[in-house]
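Q: Please see the structure below; I have some questions.
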Amino acid sequence: MVFSFSHIFLFGVLIVFILYTLRSSVSFQIAVPNYSTSRANHYPSEETLRSRSLTEEQCRTAFPGLLKEVDDAVARGKFVQDTYDPENSLGPVRGRIKDGKLYIIFAQRENDMSKDAVRYRFAVLSQLHRAILTSPTPLPPTTFSLTVSDTPRTGSWSFARPAITPSSPAQNHWPMPHFSHWTWPNPLVGPFDAVLDRIAGIEREARWREKIDKAVWRGTVWFSPIGNKDLRKNLVKVAKGKEWADIEAGRAEVKNATTGVVVEKGNEIRIEEF
């Protein structure tokens, strides 16, 4: 079963985030539901899947469990934004939502960021702007901080949750949609909902017995969790030469800057070739 939910997830998380973080200043409370491990007995219609103007109630009905991360964050208590330090030129993006508009209070200089980080920041802000424009209800004014690093930052919106143990200090984090829900900066991938549509099309046409019995992976070997820095290197090492594996470190093709002729082939794989 395939969800094309980039817009639904975006809308639900951001809108509910604003309502919850400002719950002390609004006149109503939003109940936190109990989640069941069973799936809904129905599949949302294509119209619902494509809609970008669902209310929170409609989102919860159509996609049960989708906002669990938001509700878990709410259950931790009041969200406290990190303290702004004007002397820190490398701090997170800081912004304001007011009167249906998005304002940027502070943003790190592009020259101090990697090209990828600049793209990720633009994608996240684009998602946020789209959510504001398509909201069926007026949003209360608020300020926010966000980081596009994969490492969660306390007091900011982040892509991931920190690893929490019983002895961990109190964490003040909030999950936000990944930049890939806007688009992935790679012509072989694209936005997440388009990826799911392509996969769904393949699954409708390909029979199970026609599929190749191999594990397939391409990626950057250096991008591993802090707690296991050799995870991806070991994956490539263990799978090398195995009949069941087509696992390699990703290599993009190299073209001559003047002629555009490919001088070194890459090993990237289109989704349809998996």
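Here, A, B, ... name the chains of the structure tokens in the order displayed, residue numbers run from 1 inside each chain, and ligands are numbered from 1 in the same displayed order.
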Just asking: which residues within stretch 33-270 of chain A are strand (DSSP E or B) according to DSSP, as a ChimeraX atom specification?
A: /A:93-98,101-106,142-146,157-158,174-175,215-219,245-249,254-255,262-264
Q: Which one is closest to A:Tyr120: A:Val93, A:Val148, A:Ile104, A:Ala62? Count only C-alpha atoms.
A: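 Looking at the shortest contact to A:Tyr120, the residue is A:Val148.
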Q: Please provide the set of residues having any atom within 7 Å of stretch 234-245 of chain A, restricted to only C-alpha atoms, with same-chain residues fewer than 6 positions apart removed, written as a list in words.
A: Asp213, Lys214, Ala215 and Val216 of chain A
Q: When you draw a straight line from atom CA of A:Tyr43 to atom CA of A:Pro64, how long is it in Å?
A: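 That distance, rounded to one decimal, is 10.8 Å.
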Q: Residues of stretch 91-150 of chain A classed as alpha helix (DSSP H) by DSSP on the backbone are to be reported as an NGL selection string.
A: :A and (115-134)
Q: Would you mind exporting the chosen residues as a compact mmCIF listing (two decimals), in the first residue's frame, restricted to N, CA and C atoms?
A:
```
# COMPACT_ATOMS: atom_id res chain seq x y z
N LYS A 115 26.57 23.27 -0.40
CA LYS A 115 25.53 23.45 -1.41
C LYS A 115 24.30 22.62 -1.08
N ASP A 116 24.52 21.41 -0.56
CA ASP A 116 23.40 20.55 -0.20
C ASP A 116 22.57 21.18 0.92
N ALA A 117 23.24 21.72 1.94
CA ALA A 117 22.52 22.33 3.06
C ALA A 117 21.69 23.51 2.60
N VAL A 118 22.20 24.28 1.65
CA VAL A 118 21.44 25.42 1.11
C VAL A 118 20.17 24.91 0.43
N ARG A 119 20.30 23.83 -0.35
CA ARG A 119 19.13 23.25 -1.02
C ARG A 119 18.12 22.74 -0.01
N TYR A 120 18.61 22.07 1.04
CA TYR A 120 17.71 21.52 2.04
C TYR A 120 16.94 22.63 2.74
N ARG A 121 17.64 23.71 3.06
CA ARG A 121 16.99 24.84 3.74
C ARG A 121 15.90 25.45 2.86
N PHE A 122 16.21 25.63 1.59
CA PHE A 122 15.23 26.19 0.66
C PHE A 122 14.01 25.27 0.56
N ALA A 123 14.24 23.96 0.51
CA ALA A 123 13.13 23.01 0.40
C ALA A 123 12.23 23.05 1.62
N VAL A 124 12.83 23.09 2.82
CA VAL A 124 12.04 23.12 4.05
C VAL A 124 11.21 24.39 4.13
N LEU A 125 11.81 25.53 3.82
CA LEU A 125 11.08 26.79 3.86
C LEU A 125 9.98 26.83 2.79
N SER A 126 10.22 26.21 1.66
CA SER A 126 9.20 26.14 0.61
C SER A 126 8.01 25.30 1.08
N GLN A 127 8.29 24.20 1.75
CA GLN A 127 7.21 23.37 2.29
C GLN A 127 6.39 24.15 3.32
N LEU A 128 7.08 24.86 4.18
CA LEU A 128 6.41 25.65 5.21
C LEU A 128 5.53 26.72 4.58
N HIS A 129 6.06 27.40 3.58
CA HIS A 129 5.30 28.45 2.90
C HIS A 129 4.06 27.87 2.23
N ARG A 130 4.19 26.70 1.60
CA ARG A 130 3.05 26.06 0.96
C ARG A 130 1.99 25.68 1.99
N ALA A 131 2.43 25.20 3.14
CA ALA A 131 1.47 24.82 4.19
C ALA A 131 0.70 26.04 4.69
N ILE A 132 1.38 27.17 4.82
CA ILE A 132 0.71 28.39 5.27
C ILE A 132 -0.33 28.84 4.25
N LEU A 133 0.05 28.82 2.97
CA LEU A 133 -0.86 29.28 1.91
C LEU A 133 -2.08 28.39 1.76
N THR A 134 -1.93 27.09 2.01
CA THR A 134 -3.04 26.16 1.79
C THR A 134 -3.82 25.84 3.06
```
Q: Find the spatial neighbours of A:Arg251, counting only C-alpha atoms, within a cut-off of 9 Å - ignore same-chain residues fewer than 5 positions away - and output them as a list in words.
A: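 With the cut-off at 9 Å, the set is Arg218, Gly219, Thr220, Lys265, Gly266, Asn267 and Glu268 of chain A.
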Q: List every residue of stretch 28-116 of chain A that has an atom at most 12 Å from any atom of stretch 190-198 of chain A, and for each one report the closest atom pair and its distance in Å to one decimal, counting only C-alpha atoms, with rows sorted by chain and then by increasing residue number, as CSV.
A:
```
residue,atom,partner,partner_atom,distance
A:Glu46,CA,A:Asp197,CA,11.8
A:Leu49,CA,A:Asp193,CA,10.0
A:Arg50,CA,A:Asp193,CA,9.8
```
Q: Would you mind telling me which residue in A:Trp208, A:Phe223, A:Trp182, A:Phe106 lies nearest to A:Pro92 when using only C-alpha atoms?
A: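 Smallest separation from A:Pro92 among the options: A:Phe106.
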Q: Taking only C-alpha atoms into account, name the residue in A:Ile202, A:Leu90, A:Ile247, A:Leu67 that is nearest to A:Pro177.
A: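 Closest residue, counting only C-alpha atoms: A:Leu67.
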Q: Here is a test: counting only C-alpha atoms, which residue of A:Trp157, A:Gly65, A:Thr151, A:Glu264 is nearest to A:Phe79?
A: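 Comparing A:Trp157, A:Gly65, A:Thr151, A:Glu264 against A:Phe79, the winner is A:Trp157.
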Q: What's the 6 Å shell around A:Gly95, counting only C-alpha atoms, without same-chain residues fewer than 6 positions away, as a PyMOL selection string?
A: chain A and resi 103-105+143-144
Q: Near A:Gly91, counting only C-alpha atoms, which residues have an atom at most 9 Å away, once you skip same-chain residues fewer than 4 positions from it, shown as a PDB file with N, CA and C atoms, in the first residue's frame?
A:
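Dumped to result_7.pdb:
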```
ATOM      1  N   TYR A  84      17.939  33.022  21.001  1.00  0.00           N
ATOM      2  CA  TYR A  84      18.604  33.625  19.843  1.00  0.00           C
ATOM      3  C   TYR A  84      19.887  34.324  20.270  1.00  0.00           C
ATOM      4  N   ASP A  85      20.964  33.990  19.588  1.00  0.00           N
ATOM      5  CA  ASP A  85      22.259  34.613  19.855  1.00  0.00           C
ATOM      6  C   ASP A  85      22.693  35.368  18.599  1.00  0.00           C
ATOM      7  N   PRO A  86      22.535  36.686  18.561  1.00  0.00           N
ATOM      8  CA  PRO A  86      22.873  37.456  17.358  1.00  0.00           C
ATOM      9  C   PRO A  86      24.350  37.384  16.993  1.00  0.00           C
ATOM     10  N   PHE A 106      16.472  35.319  10.740  1.00  0.00           N
ATOM     11  CA  PHE A 106      17.906  35.072  10.614  1.00  0.00           C
ATOM     12  C   PHE A 106      18.129  33.814   9.788  1.00  0.00           C
ATOM     13  N   ALA A 107      19.143  33.855   8.935  1.00  0.00           N
ATOM     14  CA  ALA A 107      19.541  32.676   8.160  1.00  0.00           C
ATOM     15  C   ALA A 107      21.047  32.724   7.954  1.00  0.00           C
ATOM     16  N   GLN A 108      21.670  31.597   8.141  1.00  0.00           N
ATOM     17  CA  GLN A 108      23.113  31.498   7.951  1.00  0.00           C
ATOM     18  C   GLN A 108      23.486  31.849   6.515  1.00  0.00           C
ATOM     19  N   THR A 147      16.632  23.482  11.956  1.00  0.00           N
ATOM     20  CA  THR A 147      17.962  23.089  11.516  1.00  0.00           C
ATOM     21  C   THR A 147      17.847  22.019  10.445  1.00  0.00           C
TER      22      THR A 147
END
```
Q: From the set A:Gly77, A:Gly250, A:Gly201, A:Pro152, which residue has the shortest atom-to-atom contact distance to A:Pro175, counting only C-alpha atoms?
A: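 Nearest candidate to A:Pro175 out of A:Gly77, A:Gly250, A:Gly201, A:Pro152: A:Pro152.
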Q: Have a look at atom CA of A:Ile97 and atom CA of A:Leu146 and let me know their distance in Å, one decimal.
A: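 So the two atoms, atom CA of A:Ile97 and atom CA of A:Leu146, lie 13.2 Å apart.
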Q: Using Å and a single decimal, report how far atom CA of A:Leu54 sits from atom CA of A:Pro140.
A: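 Rounded to one decimal, the two atoms are 17.5 Å apart.
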